[in-house]
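Novice: Can you keep this structure in mind? I'll have questions shortly.
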Amino acid sequence: MQRQLLTLLLSLLLPVTIMGQTILSGTVTDTKGETIPGANIYLKDTFDGTNSKADGTFSFETEESGDMMLIVSFIGYKTLEKPVSLKGGTLQLELVITEEINKLDGVTISAGAFEASDVKKVTVLKPLDIVTTASAAGDIMGAINTLPGTATVGESGRLFVRGGEGYETKVFIDGLEVRNAFGTTAPNVPTRGRFSPFLFKGTVFSTGGYSAEYGQALSSALVLNSNDIALQSQGDISVMSVGGDAAYTKKWENTSLSGKIQYTDLRPYQDLVTQYFDWEQAPVGKVGEVVFRQKVNTNGLLKVYANMDLSDFIIRQPNIDSDGQKDTISVGNDYFYLNASYKDILSKKWSVRGGISTTSSHDMFRFNSDDIDEKEKGLHAKVAFNWDAGEKVTVNMGQEYYHKNFRRGLDLSGGDLLRFDFTENMTSTFAEADYFASNAFVLRAGLRLEHSSLLNRSWVSPRLAMSYKLDEKGQFSLAYGKFLQSAQNDYALVNRALQPEQATHYILNYQYIHDQRVFRIESYLKQYDDLVKFTNPNDFNPVNYSNAGTGEAKGVDIFWRDSKTIKQTDYWISYSYVDSERDYQDFNGQATPGFVSKHNFSYVVKHFIESLRVQVGATYNFASPRLFHNPNRAGFQNDKTPEFHDLSLNAAILIKQNIILYFSSSNIFGRDNIFGYDFASQADNNGYYASRPIRQGAKRFIFAGLFITLTKDGQENQLDNL
Amino acid sequence: MKKIIVLVTLLISGFAMHAQGQEAYMKAMGKALSTLGSDPQSAAGQFERIAAKVKDQWHPHYYAALSYINMSFNAADLKTKDELTTKAQTYIDAALKLQPNNAEVVALQGYNYMAQLAADPGSRGQMLSPKAMQQFGKAVSMAPENPRAMALMAQMQYGTAQFFGSPTDKPCEMVRKSIPIFEAEEKGKSFNPTWGKEMAEGLVGQCDK
């Protein structure tokens with residue numbers, strides 16, 4: 001009995017021990033014949049295996065026998081499974097592994113896009129750059145304005161991209177539209193972006209040729225990606241020369257909630273520092289923000305952001321037509337923005353993003369004794385799917401709905417109460433596929449279909465882009481696309497039949513990124529069609545408004561960034577050349593508009609002094625003369641402003657880990673930059689049109705702020721708890 | 001009777017196979033652990049192979065991740081460093097799935113953030129240092145006497161304190177406290193981690209300067 005058992009047992013164990021060993025040896029190479037060191041070669045479901053040596057060769061023994069599966073794995077390559085038959089002796093193997101298509105970090109579409117993004121990707125900009133750029137004064141738009149393709153338009157503060165107007169740039173937060181992303185302002189009084197750069201972990205600034213996912217923007221899309229769930233509970237207090245704010249963030253396991261209130265008041269500052277502008281009441285703003293994050297499951301994240309912004313100011317501007325008498329302009333704005341989005345991974349191949357945003361902006365203007373009341377309401381809903389359709393193909397598709405309502409009320413002294421309004425609903429569908437032919441070549445083709453209820457018409461906008469990677473460092477990229485944008489409110493109000501304005505982009509880009517140095521050169525051609533045209537801006541007869549306008553912008557943008565050569569120093573240089581003409585609005589022929597300067601140049605430098613824990617920065621901006629129309633001369637757009645120069649400095653001092661002191665000043669040399677001229681509408685007795693320069697609000701703007709973060713269970717105190 | 005024999009035989013042989021598997025696992029782990037310090041590439045490969053077969057044990061996943069993290073500190077360029085920490089992360093994810101409340105694994109997650117940070121401190125410091133600290137804090141609260149969690153946390157703290165010119169007493173005190181705990185750890189008794197003493201001693205050395 002015992003013997004029987006033993007025999008049985010032995011017979012069970014025998015096959016393993018008796019058959020003897022097989023030696024597997026050979027070389028691992030890639031498809032180009034290059035040897036691969038460090039590849040992991042092993043028999044599936046066993047502990048037997050080895051790593052290939054420096055010359056790609058390997059050899060190991062196994063006591064396994066029969067038919068087995070040999071696995072070869074290596075970072076960046078597809079795992080190879082090869083059936084082998086083990087019969088003792090030596091098995092010689094030549095193993096060839098294929099490079100994996102890396103859709104994330106391989107070849108990317110770089111034409112038109114400047115990305116400041118998360119940890120992984122090699123990017124041109126870092127999220128922190130936005131806060132630390134000297135000329136930006138904490139405004140996202142100010143930092144973006146040091147990138148090529150943008151123009152300095154000092155009296156506006158908006159983003160003017162590649163010969164396009166300010167309104168041609170559209171802002172998105174988490175893929176959802178933001179209306180009135182800039183504060184409401186009066187003519188020739190520059191504005192700022194509304195949103196704090198600290199809300200966002202990444203930014204994509206596109207100067208053209210952007211994805212079919214983004215529409216209703218002729219020239220540019222600024223896509224801001226908000227922070228994920230907060231890392232810890234903390235309080236933040238800022239004391240600034242222009243006001244202050246207080247914020248508190250509470251973090252639970254899968255939830256975080258932040259609230260912030262901010263009060264800005266430029267009155268004390270402007271009482272102290274001489275202003276060119278004649279303020280009756282300097283800008284005052286009250287902002288309340290709520291940020292909510294909920295992790296719904298492993299990958300599902302719900303984000304809700306709400307912003308309420310109440311602001312007003314009163315300014316006196318000399319009226320050139322009434323002999324130096326000043327007009328009193330008061331501007332009030334009540335703004336509310338809500339953005340709720342959700343993203344989740346549905347399966348290995350599908351992920352979903354969706355959300356809804358609403359904007360409500362109420363402007364109250366008073367021009368002497370005339371009142372203008374404007375309300376704009378916008379809603380944007382989107383659902384989009386990403387489909388990993390195969391090893392080489394990804395598809396992004398979605399459906400959107402836009403609603404816009406605009407109403408304007410005029411209460412003119414001695415006149416009637418006038419009311420105008422219009423509503424536009426739009427639906428759009430987009431689909432775009434990326435085809436990765438290899439790790440060096442990607443092709444993107446997309447279509448965007450838009451339908452407007454107001455015009456009862458549909459449009460199809462094609463988008464096409466490709467990138468070819470020459471080597472690890474350099475790549476070429478091409479982009480083409482058609483872009484639409486509904487006529488501006490001012491014009492749609494007069495003539496509701498106005499068609500959307502159109503632009504066609506052609507972009508050729510070369511980008512070189514290596515070892516903390518970036519070089520980019522991009523040339524482009526942008527053709528405008530169906531621009532709104534009219535004879536006189538004060539004419540409200542719909543028949544005098546049409547889509548007969550056309551235009552063109554072409555140019556070259558160059559960018560160089562180097563964080564390597566000089567230790568602790570990071571600098572970038574942007575140069576933009578643009579040649580742009582258009583016949584739109586009340587132009588009487590093709591001409592270069594007043595917001596275009598042929599040459600724009602920016603130099604941004606940041607240096608960290610480690611021993612003092614101080615980061616100092618400087619930004620120099622240059623813009624060549626801009627054209628304006630001088631009625632005292634013959635012709636149209638016949639005169640030039642002086643050049644624009646501005647040197648801004650900043651310093652951030654890390655007093656403690658949680659306390660930062662910040663200073664910045666624009667226009668150190670106090671240059672009196674002139675952006676253009678206002679002319680009298682009537683000539684005087686000598687036939688001369690009087691003029692007044694459009695200048696900066698003050699010689700310079702100086703800012704100081706103290707930023708304090710308080711953590712309850714933060715790092716300092718965590719040690720105390722032990 | 002025959003039935004019983006067959007049953008017993010099957011049971012015994014099953015046990016024998018299992019014991020044999022267990023022995024092979026122990027042997028493979030032992031061999032891999034012996035190369036951890038000297039040849040992290042080879043160690044990583046071995047732990048990967050073991051992890052592929054023994055999916056329900058956290059140790060091979062833990063050590064595969066640790067090997068890749070250590071390799072990333074020595075890698076030449078940012079791209080390679082990122083590839084290695086990405087690879088490490090897949091093993092940390094697997095280990096966390098098996099042992100979500102294991103302070104060793106949580107501390108290793110923090111260590112991987114530290115490695116990612118070290119690859120490009122200028123642009124990643126602000127985002128990753130609180131993330132790493134969060135993991136070390138979590139690990140320490142799970143196992144207040146875990147010397148690796150203590151030493152790693154002290155390391156992060158020390159760097160920050162030094163940068164800001166603030167006193168380094170607290171991190172120094174913490175790392176000193178970890179030394180006797182490191183010394184009390186018995187090596188080779190189980191596959192539980194015992195590494196980190198050299199790192200802690202290095203920090204103590206800096207503290208003593």
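Labeling convention for the structure tokens: chains A, B, ... as they appear, residues from 1 per chain, ligands from 1 in order of appearance.
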Write out as a Markdown table the residues of chain B that have any atom within 8 Å of an atom of chain A, one row each with the nearest atom pair and its distance in Å to one decimal, counting only C-alpha atoms, sorted by chain and then rising number.

Specialist:
```
| residue | atom | partner | partner_atom | distance |
| --- | --- | --- | --- | --- |
| B:Ile5 | CA | A:Leu5 | CA | 7.3 |
| B:Thr9 | CA | A:Leu5 | CA | 6.4 |
| B:Ile12 | CA | A:Leu9 | CA | 7.9 |
| B:Ser13 | CA | A:Leu9 | CA | 6.2 |
| B:Ala24 | CA | A:Phe47 | CA | 7.6 |
| B:Tyr25 | CA | A:Phe47 | CA | 7.5 |
| B:Ala28 | CA | A:Phe47 | CA | 6.6 |
| B:Gln41 | CA | A:Gly38 | CA | 6.9 |
| B:Ser42 | CA | A:Asn51 | CA | 6.1 |
| B:Gly45 | CA | A:Asn40 | CA | 5.6 |
| B:Gln46 | CA | A:Thr50 | CA | 7.1 |
| B:Arg49 | CA | A:Phe47 | CA | 6.1 |
| B:Ile50 | CA | A:Phe47 | CA | 5.8 |
| B:Ala52 | CA | A:Asp45 | CA | 7.2 |
| B:Lys53 | CA | A:Asp45 | CA | 4.9 |
| B:Asp82 | CA | A:Lys120 | CA | 7.4 |
| B:Glu83 | CA | A:Ile75 | CA | 7.3 |
| B:Lys87 | CA | A:Ile75 | CA | 7.7 |
| B:Ser123 | CA | A:Lys126 | CA | 6.8 |
| B:Arg124 | CA | A:Val119 | CA | 6.5 |
| B:Pro130 | CA | A:Leu231 | CA | 7.3 |
| B:Lys131 | CA | A:Leu231 | CA | 7.0 |
| B:Met133 | CA | A:Gln715 | CA | 7.1 |
| B:Gln134 | CA | A:Leu231 | CA | 7.7 |
| B:Gly137 | CA | A:Gln718 | CA | 7.0 |
| B:Pro144 | CA | A:Leu722 | CA | 7.4 |
| B:Gln157 | CA | A:Gln715 | CA | 7.8 |
| B:Thr160 | CA | A:Gln657 | CA | 7.7 |
| B:Phe163 | CA | A:Arg613 | CA | 7.6 |
| B:Phe164 | CA | A:Lys656 | CA | 5.9 |
| B:Ser166 | CA | A:Lys656 | CA | 7.7 |
| B:Lys170 | CA | A:Leu719 | CA | 6.7 |
| B:Pro171 | CA | A:Leu719 | CA | 7.7 |
```

Novice: Set the distance at 10 Å and use only C-alpha atoms: which residues neighbour segment 132-135 of chain A once local chain neighbours fewer than 5 positions away are removed? I'd like the list as a PyMOL selection string.

Specialist: chain A and resi 127+140+142-146+604-606+615-621+646-652+662-667

Novice: Could you please take those selected residues and save N, CA and C atoms as a PDB file, in the first residue's frame?

Specialist:
```
ATOM      1  N   PRO A 127       2.936  74.912 -16.563  1.00  0.00           N
ATOM      2  CA  PRO A 127       1.822  75.654 -15.965  1.00  0.00           C
ATOM      3  C   PRO A 127       2.282  76.830 -15.095  1.00  0.00           C
ATOM      4  N   ILE A 140      -3.624  85.240 -16.832  1.00  0.00           N
ATOM      5  CA  ILE A 140      -3.294  84.180 -17.784  1.00  0.00           C
ATOM      6  C   ILE A 140      -3.034  84.776 -19.165  1.00  0.00           C
ATOM      7  N   GLY A 142      -2.040  87.665 -19.961  1.00  0.00           N
ATOM      8  CA  GLY A 142      -0.795  88.425 -20.007  1.00  0.00           C
ATOM      9  C   GLY A 142       0.388  87.521 -20.312  1.00  0.00           C
ATOM     10  N   ALA A 143       0.376  86.317 -19.735  1.00  0.00           N
ATOM     11  CA  ALA A 143       1.465  85.370 -19.991  1.00  0.00           C
ATOM     12  C   ALA A 143       1.374  84.829 -21.407  1.00  0.00           C
ATOM     13  N   ILE A 144       0.149  84.508 -21.844  1.00  0.00           N
ATOM     14  CA  ILE A 144      -0.047  84.003 -23.195  1.00  0.00           C
ATOM     15  C   ILE A 144       0.423  85.040 -24.221  1.00  0.00           C
ATOM     16  N   ASN A 145       0.288  86.308 -23.843  1.00  0.00           N
ATOM     17  CA  ASN A 145       0.666  87.383 -24.751  1.00  0.00           C
ATOM     18  C   ASN A 145       2.161  87.504 -24.989  1.00  0.00           C
ATOM     19  N   THR A 146       2.970  86.667 -24.325  1.00  0.00           N
ATOM     20  CA  THR A 146       4.404  86.672 -24.621  1.00  0.00           C
ATOM     21  C   THR A 146       4.743  85.553 -25.601  1.00  0.00           C
ATOM     22  N   VAL A 604      11.348  86.970 -22.409  1.00  0.00           N
ATOM     23  CA  VAL A 604      10.955  86.696 -21.029  1.00  0.00           C
ATOM     24  C   VAL A 604      12.100  85.964 -20.354  1.00  0.00           C
ATOM     25  N   VAL A 605      12.532  86.449 -19.219  1.00  0.00           N
ATOM     26  CA  VAL A 605      13.615  85.762 -18.513  1.00  0.00           C
ATOM     27  C   VAL A 605      13.255  85.615 -17.038  1.00  0.00           C
ATOM     28  N   LYS A 606      13.643  84.461 -16.498  1.00  0.00           N
ATOM     29  CA  LYS A 606      13.406  84.185 -15.086  1.00  0.00           C
ATOM     30  C   LYS A 606      14.682  83.619 -14.505  1.00  0.00           C
ATOM     31  N   GLN A 615      12.946  84.555  -6.865  1.00  0.00           N
ATOM     32  CA  GLN A 615      12.905  84.447  -8.315  1.00  0.00           C
ATOM     33  C   GLN A 615      12.672  85.831  -8.877  1.00  0.00           C
ATOM     34  N   VAL A 616      13.605  86.252  -9.734  1.00  0.00           N
ATOM     35  CA  VAL A 616      13.421  87.548 -10.377  1.00  0.00           C
ATOM     36  C   VAL A 616      13.109  87.308 -11.840  1.00  0.00           C
ATOM     37  N   GLY A 617      12.326  88.180 -12.405  1.00  0.00           N
ATOM     38  CA  GLY A 617      11.951  88.005 -13.792  1.00  0.00           C
ATOM     39  C   GLY A 617      11.847  89.332 -14.506  1.00  0.00           C
ATOM     40  N   ALA A 618      12.012  89.259 -15.820  1.00  0.00           N
ATOM     41  CA  ALA A 618      11.855  90.452 -16.642  1.00  0.00           C
ATOM     42  C   ALA A 618      11.184  90.063 -17.937  1.00  0.00           C
ATOM     43  N   THR A 619      10.379  90.951 -18.448  1.00  0.00           N
ATOM     44  CA  THR A 619       9.777  90.747 -19.760  1.00  0.00           C
ATOM     45  C   THR A 619       9.943  92.038 -20.548  1.00  0.00           C
ATOM     46  N   TYR A 620      10.463  91.865 -21.763  1.00  0.00           N
ATOM     47  CA  TYR A 620      10.521  93.019 -22.651  1.00  0.00           C
ATOM     48  C   TYR A 620       9.589  92.739 -23.821  1.00  0.00           C
ATOM     49  N   ASN A 621       8.682  93.659 -24.066  1.00  0.00           N
ATOM     50  CA  ASN A 621       7.765  93.530 -25.200  1.00  0.00           C
ATOM     51  C   ASN A 621       7.996  94.666 -26.175  1.00  0.00           C
ATOM     52  N   ASP A 646       8.060  98.020 -23.795  1.00  0.00           N
ATOM     53  CA  ASP A 646       7.734  97.883 -22.378  1.00  0.00           C
ATOM     54  C   ASP A 646       8.692  96.897 -21.735  1.00  0.00           C
ATOM     55  N   LEU A 647       9.309  97.336 -20.656  1.00  0.00           N
ATOM     56  CA  LEU A 647      10.126  96.416 -19.860  1.00  0.00           C
ATOM     57  C   LEU A 647       9.460  96.273 -18.502  1.00  0.00           C
ATOM     58  N   SER A 648       9.050  95.058 -18.179  1.00  0.00           N
ATOM     59  CA  SER A 648       8.409  94.789 -16.895  1.00  0.00           C
ATOM     60  C   SER A 648       9.333  93.939 -16.045  1.00  0.00           C
ATOM     61  N   LEU A 649       9.298  94.150 -14.751  1.00  0.00           N
ATOM     62  CA  LEU A 649      10.117  93.359 -13.832  1.00  0.00           C
ATOM     63  C   LEU A 649       9.237  92.757 -12.752  1.00  0.00           C
ATOM     64  N   ASN A 650       9.663  91.619 -12.242  1.00  0.00           N
ATOM     65  CA  ASN A 650       8.963  91.075 -11.080  1.00  0.00           C
ATOM     66  C   ASN A 650       9.930  90.326 -10.175  1.00  0.00           C
ATOM     67  N   ALA A 651       9.512  90.109  -8.955  1.00  0.00           N
ATOM     68  CA  ALA A 651      10.300  89.327  -8.007  1.00  0.00           C
ATOM     69  C   ALA A 651       9.354  88.586  -7.084  1.00  0.00           C
ATOM     70  N   ALA A 652       9.643  87.320  -6.886  1.00  0.00           N
ATOM     71  CA  ALA A 652       8.871  86.532  -5.933  1.00  0.00           C
ATOM     72  C   ALA A 652       9.837  86.040  -4.871  1.00  0.00           C
ATOM     73  N   TYR A 662       5.419  89.068  -3.318  1.00  0.00           N
ATOM     74  CA  TYR A 662       5.537  89.241  -4.761  1.00  0.00           C
ATOM     75  C   TYR A 662       5.474  90.721  -5.131  1.00  0.00           C
ATOM     76  N   PHE A 663       6.366  91.144  -6.008  1.00  0.00           N
ATOM     77  CA  PHE A 663       6.344  92.511  -6.529  1.00  0.00           C
ATOM     78  C   PHE A 663       6.377  92.465  -8.046  1.00  0.00           C
ATOM     79  N   SER A 664       5.679  93.373  -8.676  1.00  0.00           N
ATOM     80  CA  SER A 664       5.895  93.513 -10.114  1.00  0.00           C
ATOM     81  C   SER A 664       5.620  94.942 -10.534  1.00  0.00           C
ATOM     82  N   SER A 665       6.295  95.308 -11.598  1.00  0.00           N
ATOM     83  CA  SER A 665       6.036  96.629 -12.165  1.00  0.00           C
ATOM     84  C   SER A 665       6.120  96.528 -13.666  1.00  0.00           C
ATOM     85  N   SER A 666       5.171  97.133 -14.340  1.00  0.00           N
ATOM     86  CA  SER A 666       5.238  97.207 -15.786  1.00  0.00           C
ATOM     87  C   SER A 666       6.014  98.475 -16.145  1.00  0.00           C
ATOM     88  N   ASN A 667       6.456  98.524 -17.365  1.00  0.00           N
ATOM     89  CA  ASN A 667       7.013  99.739 -17.952  1.00  0.00           C
ATOM     90  C   ASN A 667       7.979 100.483 -17.032  1.00  0.00           C
TER      91      ASN A 667
END
```

Novice: Using only C-alpha atoms, determine which residues lie at most 12 Å from Ala95 of chain B, disregarding the query and same-chain residues fewer than 6 positions distant; provide the list as an mmCIF file with C-alpha atoms, in the first residue's frame.

Specialist:
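Output file selection-v2.cif follows:
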```cif
data_model
loop_
_atom_site.group_PDB
_atom_site.id
_atom_site.type_symbol
_atom_site.label_atom_id
_atom_site.label_comp_id
_atom_site.auth_asym_id
_atom_site.auth_seq_id
_atom_site.Cartn_x
_atom_site.Cartn_y
_atom_site.Cartn_z
ATOM 1 C CA ALA B 51 5.050 38.863 -10.550
ATOM 2 C CA VAL B 54 2.559 34.761 -8.808
ATOM 3 C CA LYS B 55 -0.075 37.406 -9.211
ATOM 4 C CA ASP B 56 -1.502 37.224 -5.700
ATOM 5 C CA GLN B 57 1.666 38.145 -3.784
ATOM 6 C CA TRP B 58 2.504 41.784 -3.236
ATOM 7 C CA HIS B 59 6.234 41.253 -2.706
ATOM 8 C CA PRO B 60 7.290 40.687 -6.329
ATOM 9 C CA HIS B 61 5.232 43.685 -7.475
ATOM 10 C CA TYR B 62 6.712 45.796 -4.716
ATOM 11 C CA TYR B 63 10.280 44.895 -5.599
ATOM 12 C CA ALA B 64 9.768 45.206 -9.336
ATOM 13 C CA ALA B 65 8.568 48.773 -8.694
ATOM 14 C CA LEU B 66 11.428 49.456 -6.290
ATOM 15 C CA ALA B 88 7.222 51.304 -11.604
ATOM 16 C CA GLN B 89 3.762 52.818 -11.253
ATOM 17 C CA ASN B 101 -3.506 49.423 3.550
ATOM 18 C CA ASN B 102 0.098 48.323 3.536
ATOM 19 C CA ALA B 103 2.305 51.172 4.717
ATOM 20 C CA GLU B 104 5.264 49.772 2.751
ATOM 21 C CA VAL B 105 3.394 50.021 -0.525
ATOM 22 C CA VAL B 106 1.998 53.461 0.298
ATOM 23 C CA ALA B 107 5.491 54.692 1.154
ATOM 24 C CA LEU B 108 6.744 53.237 -2.130
ATOM 25 C CA GLN B 109 4.077 55.237 -3.973
#
```

Novice: Write out as a list of chain:residue names the residues lying within 12 Å of Glu185 of chain B, counting only C-alpha atoms and excluding same-chain residues fewer than 3 positions away.

Specialist: B:Glu145, B:Asn146, B:Pro147, B:Arg148, B:Ser178, B:Ile179, B:Pro180, B:Ile181, B:Phe182, B:Gly188, B:Lys189, B:Ser190, B:Phe191, B:Asn192, B:Pro193, B:Thr194, B:Trp195, B:Gly196, B:Lys197

Novice: With all heavy atoms retained, could you export that selection as a short mmCIF file (atom, residue, chain, number, x, y, z; two decimals), in the first residue's frame?

Specialist:
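Heads up, here's the output in result-v3.cif:
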```
data_model
loop_
_atom_site.label_atom_id
_atom_site.label_comp_id
_atom_site.auth_asym_id
_atom_site.auth_seq_id
_atom_site.Cartn_x
_atom_site.Cartn_y
_atom_site.Cartn_z
N GLU B 145 5.81 53.25 13.05
CA GLU B 145 7.16 52.78 13.29
C GLU B 145 7.81 52.21 12.03
O GLU B 145 8.77 51.47 12.10
CB GLU B 145 7.15 51.69 14.38
CG GLU B 145 6.68 52.19 15.73
CD GLU B 145 7.77 52.95 16.49
OE1 GLU B 145 8.61 52.28 17.10
OE2 GLU B 145 7.79 54.19 16.46
N ASN B 146 7.25 52.54 10.89
CA ASN B 146 7.86 52.04 9.66
C ASN B 146 9.06 52.91 9.31
O ASN B 146 8.92 54.09 9.00
CB ASN B 146 6.84 52.06 8.52
CG ASN B 146 7.41 51.44 7.25
OD1 ASN B 146 8.45 51.88 6.76
ND2 ASN B 146 6.74 50.44 6.73
N PRO B 147 10.26 52.33 9.36
CA PRO B 147 11.44 53.17 9.21
C PRO B 147 11.58 53.78 7.82
O PRO B 147 12.10 54.88 7.67
CB PRO B 147 12.60 52.21 9.51
CG PRO B 147 12.06 50.85 9.21
CD PRO B 147 10.59 50.90 9.54
N ARG B 148 11.09 53.08 6.76
CA ARG B 148 11.21 53.61 5.41
C ARG B 148 10.31 54.83 5.22
O ARG B 148 10.73 55.85 4.68
CB ARG B 148 10.88 52.54 4.36
CG ARG B 148 12.10 51.68 4.01
CD ARG B 148 11.72 50.37 3.40
NE ARG B 148 10.98 49.54 4.34
CZ ARG B 148 11.56 48.91 5.37
NH1 ARG B 148 12.85 49.00 5.56
NH2 ARG B 148 10.82 48.19 6.20
N SER B 178 14.56 56.63 13.22
CA SER B 178 14.35 55.48 12.33
C SER B 178 15.53 54.50 12.38
O SER B 178 15.36 53.32 12.10
CB SER B 178 14.13 55.95 10.90
OG SER B 178 15.35 56.32 10.29
N ILE B 179 16.73 54.99 12.73
CA ILE B 179 17.93 54.14 12.66
C ILE B 179 17.81 52.87 13.53
O ILE B 179 18.00 51.77 13.02
CB ILE B 179 19.21 54.94 13.01
CG1 ILE B 179 19.39 56.10 12.02
CG2 ILE B 179 20.44 54.04 13.07
CD1 ILE B 179 19.89 55.73 10.64
N PRO B 180 17.49 53.01 14.84
CA PRO B 180 17.37 51.77 15.63
C PRO B 180 16.29 50.83 15.09
O PRO B 180 16.43 49.61 15.21
CB PRO B 180 17.01 52.27 17.04
CG PRO B 180 16.71 53.71 16.92
CD PRO B 180 17.33 54.21 15.68
N ILE B 181 15.25 51.40 14.50
CA ILE B 181 14.20 50.54 13.94
C ILE B 181 14.75 49.78 12.74
O ILE B 181 14.49 48.60 12.56
CB ILE B 181 12.95 51.35 13.56
CG1 ILE B 181 12.54 52.28 14.71
CG2 ILE B 181 11.80 50.43 13.18
CD1 ILE B 181 11.38 53.20 14.41
N PHE B 182 15.53 50.48 11.92
CA PHE B 182 16.19 49.80 10.79
C PHE B 182 17.07 48.66 11.31
O PHE B 182 17.07 47.56 10.77
CB PHE B 182 17.09 50.78 10.01
CG PHE B 182 16.38 51.53 8.93
CD1 PHE B 182 16.30 52.92 8.94
CD2 PHE B 182 15.79 50.86 7.86
CE1 PHE B 182 15.66 53.61 7.93
CE2 PHE B 182 15.16 51.55 6.85
CZ PHE B 182 15.09 52.93 6.89
N GLY B 188 16.33 38.77 5.73
CA GLY B 188 16.28 37.41 5.22
C GLY B 188 15.26 36.52 5.87
O GLY B 188 15.15 35.35 5.54
N LYS B 189 14.52 37.05 6.85
CA LYS B 189 13.51 36.23 7.53
C LYS B 189 12.24 36.10 6.70
O LYS B 189 11.61 35.05 6.67
CB LYS B 189 13.20 36.85 8.89
CG LYS B 189 14.03 36.26 9.99
CD LYS B 189 13.12 35.75 11.09
CE LYS B 189 13.77 34.68 11.92
NZ LYS B 189 13.09 34.53 13.20
N SER B 190 11.88 37.18 6.08
CA SER B 190 10.72 37.16 5.20
C SER B 190 11.06 38.03 4.00
O SER B 190 12.18 38.53 3.91
CB SER B 190 9.50 37.72 5.93
OG SER B 190 9.62 39.13 6.03
N PHE B 191 10.13 38.16 3.10
CA PHE B 191 10.39 39.02 1.94
C PHE B 191 10.02 40.47 2.22
O PHE B 191 10.09 41.31 1.33
CB PHE B 191 9.62 38.50 0.73
CG PHE B 191 10.06 37.14 0.30
CD1 PHE B 191 9.14 36.22 -0.17
CD2 PHE B 191 11.41 36.78 0.35
CE1 PHE B 191 9.55 34.96 -0.57
CE2 PHE B 191 11.82 35.53 -0.05
CZ PHE B 191 10.89 34.60 -0.51
N ASN B 192 9.61 40.75 3.45
CA ASN B 192 9.24 42.13 3.76
C ASN B 192 10.43 43.06 3.57
O ASN B 192 11.57 42.69 3.85
CB ASN B 192 8.74 42.24 5.20
CG ASN B 192 7.36 41.63 5.33
OD1 ASN B 192 6.65 41.49 4.33
ND2 ASN B 192 6.98 41.27 6.54
N PRO B 193 10.19 44.28 3.12
CA PRO B 193 11.29 45.20 2.82
C PRO B 193 12.14 45.52 4.04
O PRO B 193 11.61 45.63 5.15
CB PRO B 193 10.57 46.47 2.35
CG PRO B 193 9.19 46.06 2.00
CD PRO B 193 8.88 44.83 2.78
N THR B 194 13.43 45.61 3.79
CA THR B 194 14.34 46.00 4.85
C THR B 194 15.31 47.08 4.37
O THR B 194 16.22 47.45 5.09
CB THR B 194 15.17 44.79 5.34
OG1 THR B 194 15.79 44.19 4.21
CG2 THR B 194 14.32 43.78 6.06
N TRP B 195 15.11 47.56 3.16
CA TRP B 195 16.06 48.52 2.60
C TRP B 195 15.87 49.90 3.23
O TRP B 195 14.87 50.15 3.89
CB TRP B 195 15.90 48.61 1.08
CG TRP B 195 14.53 49.13 0.66
CD1 TRP B 195 13.40 48.41 0.53
CD2 TRP B 195 14.16 50.49 0.39
NE1 TRP B 195 12.35 49.21 0.17
CE2 TRP B 195 12.80 50.49 0.07
CE3 TRP B 195 14.87 51.70 0.35
CZ2 TRP B 195 12.11 51.66 -0.26
CZ3 TRP B 195 14.19 52.87 0.01
CH2 TRP B 195 12.82 52.84 -0.29
N GLY B 196 16.84 50.76 3.00
CA GLY B 196 16.66 52.16 3.37
C GLY B 196 17.59 52.65 4.46
O GLY B 196 17.67 53.85 4.72
N LYS B 197 18.33 51.73 5.08
CA LYS B 197 19.16 52.15 6.21
C LYS B 197 20.28 53.09 5.74
O LYS B 197 20.56 54.10 6.39
CB LYS B 197 19.76 50.93 6.90
CG LYS B 197 20.34 51.26 8.25
CD LYS B 197 20.80 50.01 8.97
CE LYS B 197 21.88 50.37 9.97
NZ LYS B 197 22.97 49.41 10.02
#
```

Novice: Which polymer residues have any atom within 10 Å of an atom of Ala465 of chain A, counting only C-alpha atoms, with same-chain residues fewer than 3 positions away left out, as a ChimeraX atom specification?

Specialist: /A:109-111,209-211,434,442-446,477-481,506-508

Novice: Kindly export the residues of the current selection with C-alpha atoms, as a short mmCIF file (atom, residue, chain, number, x, y, z; two decimals), in the first residue's frame.

Specialist:
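What follows is the written file selection28.cif:
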```
data_model
loop_
_atom_site.label_atom_id
_atom_site.label_comp_id
_atom_site.auth_asym_id
_atom_site.auth_seq_id
_atom_site.Cartn_x
_atom_site.Cartn_y
_atom_site.Cartn_z
CA ILE A 109 0.28 67.37 -33.63
CA SER A 110 2.27 70.48 -32.84
CA ALA A 111 1.06 72.86 -35.56
CA GLY A 209 -5.60 74.75 -37.03
CA TYR A 210 -7.17 73.42 -33.86
CA SER A 211 -9.22 70.28 -33.40
CA ASP A 434 -5.97 60.14 -35.29
CA VAL A 442 0.42 60.74 -37.30
CA LEU A 443 -2.49 61.93 -39.41
CA ARG A 444 -5.57 63.62 -38.00
CA ALA A 445 -8.74 64.14 -39.97
CA GLY A 446 -11.86 65.67 -38.56
CA SER A 477 3.66 69.43 -38.63
CA LEU A 478 1.00 70.61 -41.05
CA ALA A 479 -2.52 71.78 -40.35
CA TYR A 480 -5.47 72.93 -42.36
CA GLY A 481 -8.96 73.81 -41.26
CA TYR A 506 -2.94 76.69 -43.47
CA ILE A 507 -0.06 76.05 -41.11
CA LEU A 508 3.43 74.60 -41.50
#
```
